[in-house]
Amino acid sequence: MQVRGLYAALNGHNRFRFKVPENAIDHLVIGGGVVGLAVAQRLSQRFPDKSTYLVERHGTAGEETSSRNSEVIHAGLYYPPDSLKTRLCLRGRSLLYERCKTHNIPYKKTGKLVVARDEQRSYIESLHAKAQKLAWPPHSTPGDSHTPVLPTKLITGDEARELEPSLHKDISAALWSPETGIVDSHTLMESLEKDVMDSENSELVYSTRVVRVDPSRDDPGWVVQIVTGDAEEGDALLARTVINCAGLTAPLILNGILPQSERIPMFFARGSYASYRGPGVKDVFHLIYPCPAVGKDSHAFHSLGTHLTLDLQGKVRFGPDLDWLEPPQDYEDPDFWQKHLVPNDSRLQLMYHAVKEYLPDVSADGFQPDYCGVRPKLVGPGAGFEDFVFRRDKADGQGQGEMISLLGIESPGLTSGLAIGEYVVDDLMGGRHGQ
């Protein structure tokens, strides 16, 4: 399958002319999802005497990827051991569970079963072997080293059916992951918002979009134009450091400062979710994941399969599936994906047949469209694993005025969010030493 990448750039038609900045700030965070809020919260904590602004184009936090996902706290099973996805998922999981406890954020450590038929056993065995070798990530507390960072257990099909009696009789083995859970992402974002707003020199600005970014001609930093609401013209400010956490449009903002030949392509993968009421899921208490497709033309690193998740009220839903979105041929609209967010029943039969592979008694009539989300991808179908990317650009091309762009922050982005904030601020920006 071939899907065209979108190479659009911020202010690509030069609609907004350069403006001299009217004021200056130390840190500008672009994007108010979980990751942007985590970065802003960490900045306000590590640099309390410096000004931090977060701008978000929507009216509330997390209206894109952060509120359109499974709300799963991932254990860290799936990605290469030396990848940032593994490191930040492991660290983020610890930080997230701790924050849930200290800030009264609803969560539940449900545990997860990755279920396999005979021909899939090698897949879960490889996950288990990898989990046993993982070390605790940087910033972990010293006491952590006495316990496994990613405990897992290989169990038989019969043992899996003792945990979940509705599983298919052909499921011959499973991997038990006790550290997997679910979280109320909206309450998480509200807690981060509160921390930022309570900080003396930090501010959240909603319904405000970035329309142009230029290297500063005078002071070190970036001249950023922002437009609030339906205003025709924007205001310009000097941001000494920009952290681009814009999610689906992060490459768009980065492309605005790059030559056309160096632009980053954007790919978009929709995932649909279905609610379920019907037979075949009696007394389900754990998350259930199938083995993702592997081999030629598979998408194991792009999607973990149509899995069963629970919300905090115990309601069952299935998803996400994987549907690559083709951008329109006639114009470069970076927001074309928004019209694909309306759920419909076009994917239900495919989801039903995928789920029957491990839950044979579900009924097609029990599936109803629930919601859709879109994942920001840096590579198209068939391209293999792509890690989180933290790109650093300097306004003067050397050492002054940094822009850090967070690219391809999809799953496990929610789990990794607090660790991403720690990584950006403490490791990349020197915040551990309060510089």
# chains A, B, ... in the order shown; residues from 1 in each chain; ligands from 1
>>> select_by_dssp(residues="region 66-290 of chain A", states="helix (DSSP H, G or I)", output="PyMOL selection string")
chain A and resi 66-67+84-102+118-133+142-146+157-163+185-198+247-255+260-262
>>> residues_around(residues="region 247-256 of chain A", least_positions_apart="5", cutoff="7 Å", atoms="only C-alpha atoms", output="VMD selection string")
chain A and resid 8 to 11 213 263 to 264 266 376 405 to 407 409
>>> residues_around(residues="Arg57 (chain A)", least_positions_apart="6", cutoff="7 Å", atoms="only C-alpha atoms", output="CSV table (one decimal) with N, CA and C atoms, in the first residue's frame")
chain,number,residue,atom,x,y,z
A,206,TYR,N,-5.4,29.6,25.2
A,206,TYR,CA,-6.2,28.8,24.3
A,206,TYR,C,-6.8,29.6,23.2
A,207,SER,N,-7.3,28.8,22.2
A,207,SER,CA,-7.9,29.4,21.0
A,207,SER,C,-6.9,30.3,20.3
A,208,THR,N,-5.7,30.0,20.3
A,208,THR,CA,-4.6,30.8,19.8
A,208,THR,C,-3.7,29.9,19.0
A,209,ARG,N,-3.5,30.2,17.7
A,209,ARG,CA,-2.7,29.4,16.8
A,209,ARG,C,-1.4,30.2,16.4
>>> closest_residue(among="A:Leu428, A:Leu88, A:Leu54, A:Leu188", to="Arg392 (chain A)", atoms="only C-alpha atoms")
A:Leu428
>>> closest_residue(among="A:Ser44, A:Ser172, A:Gln398, A:Thr228", to="Pro215 (chain A)", atoms="only C-alpha atoms")
A:Gln398
>>> closest_residue(among="A:Ala383, A:Leu84, A:Val72, A:Val39", to="Pro138 (chain A)", atoms="only C-alpha atoms")
A:Leu84
>>> atom_distance(atom1="CA of Tyr78 (chain A)", atom2="CA of Leu163 (chain A)")
22.2 Å
>>> closest_residue(among="A:Arg42, A:Ile171, A:Cys100, A:Tyr331", to="Gln120 (chain A)", atoms="only C-alpha atoms")
A:Ile171
